[in-house]
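Notes to accompany the following structure.
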Amino acid sequence: MTVLPMTIAPKFILAGLALALAMTVSSPAARATEDARFEIVKATDTRVWRLDKQSGEIAVCTLEGENLFCTTTSAAVDAPQMTYEEWDAKKKLEQAEADAERKAERERNLAFFDKMLDLFRSFMHAEAE
């Protein structure tokens with residue numbers, strides 16, 4: 001049995017690793033994966049997520065028969081158009097407007113019922129005479 005010196009074995013290991021790395025990096029499949037615009041990730045049996053690596057957009061795609069239907073999330077990627085304080089003020093204003101509308105509607109309904117009561121009273125007075 002021949003024993004190789006320890007200095008030769010690490011050289012062979014390093015050469016093998018370098019060769020494997022070179023083959024992996026230079027393979028067309030590896031380059032195609034790195035250069036691809038979209039990345040597809042399976043979520044369920046009928047649904048995948050599609051990531052657009054250029055824009056950052058994520059689409060949820062559903063397989064229906066032979067067709068793939070995708071819904072994008074571009075609005076979710078955009079920065080918010082207003083701060084939380086602005087959003088909170090807007091919600092409070094909308095709530096105040098809704099409350100005012102409900103109050104006005106209630107006042108209109110009460111005025112209508114008052115007119116109906118007056119009409120009913122006039123019928124009762126006319127009947128009594």
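Going by the structure tokens order, chains are called A, B, ..., each with residues numbered from 1, while ligands are numbered from 1 in the order shown.
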Inset, instruction - Excluding range 41-44 of chain A and residues on its chain fewer than 3 positions from it, collect all residues at most 10 Å away from it, counting only C-alpha atoms, and give them as a VMD selection string. - result: chain A and resid 38 47 to 51 60 to 62
Legend entry - Top pick for closest residue to Asp35 in chain A, considering A:Lys103, A:Phe123, A:Asp52, A:Ala128 and counting only C-alpha atoms: A:Asp52
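Selecting strand (DSSP E or B) from the backbone DSSP output for range 37-89 of chain A yields Phe38, Glu39, Ile40, Val41, Lys42, Arg47, Val48, Trp49, Arg50, Leu51, Asp52, Ile58, Ala59, Val60, Cys61, Thr62, Leu63, Glu64, Asn67, Leu68, Phe69, Cys70, Thr71 and Thr72 of chain A.
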Selected residues written out, C-alpha atoms, as a compact mmCIF listing (two decimals), in the first residue's frame:
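And here's part.txt as it stands now:
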```txt
# COMPACT_ATOMS: atom_id res chain seq x y z
CA PHE A 38 -38.74 36.44 -12.67
CA GLU A 39 -38.41 33.97 -9.84
CA ILE A 40 -41.27 31.49 -9.36
CA VAL A 41 -41.97 30.00 -5.92
CA LYS A 42 -44.57 27.26 -5.43
CA ARG A 47 -50.82 28.69 -6.66
CA VAL A 48 -47.35 30.18 -7.18
CA TRP A 49 -45.71 33.49 -6.31
CA ARG A 50 -43.93 35.32 -9.11
CA LEU A 51 -41.22 37.80 -8.05
CA ASP A 52 -40.15 40.38 -10.61
CA ILE A 58 -44.86 40.20 -6.35
CA ALA A 59 -47.71 38.48 -8.17
CA VAL A 60 -49.87 35.69 -6.81
CA CYS A 61 -50.65 33.35 -9.70
CA THR A 62 -53.39 30.73 -9.70
CA LEU A 63 -53.50 27.79 -12.08
CA GLU A 64 -56.99 27.26 -13.51
CA ASN A 67 -54.18 28.94 -17.74
CA LEU A 68 -52.17 30.86 -15.16
CA PHE A 69 -53.91 33.97 -13.78
CA CYS A 70 -51.78 36.46 -11.85
CA THR A 71 -52.74 39.26 -9.49
CA THR A 72 -50.04 41.86 -8.93
```
Inset, instruction - Quick one: pull the distance between CA of Phe112 in chain A and CA of Ala96 in chain A, Å, one decimal. - result: 24.4 Å
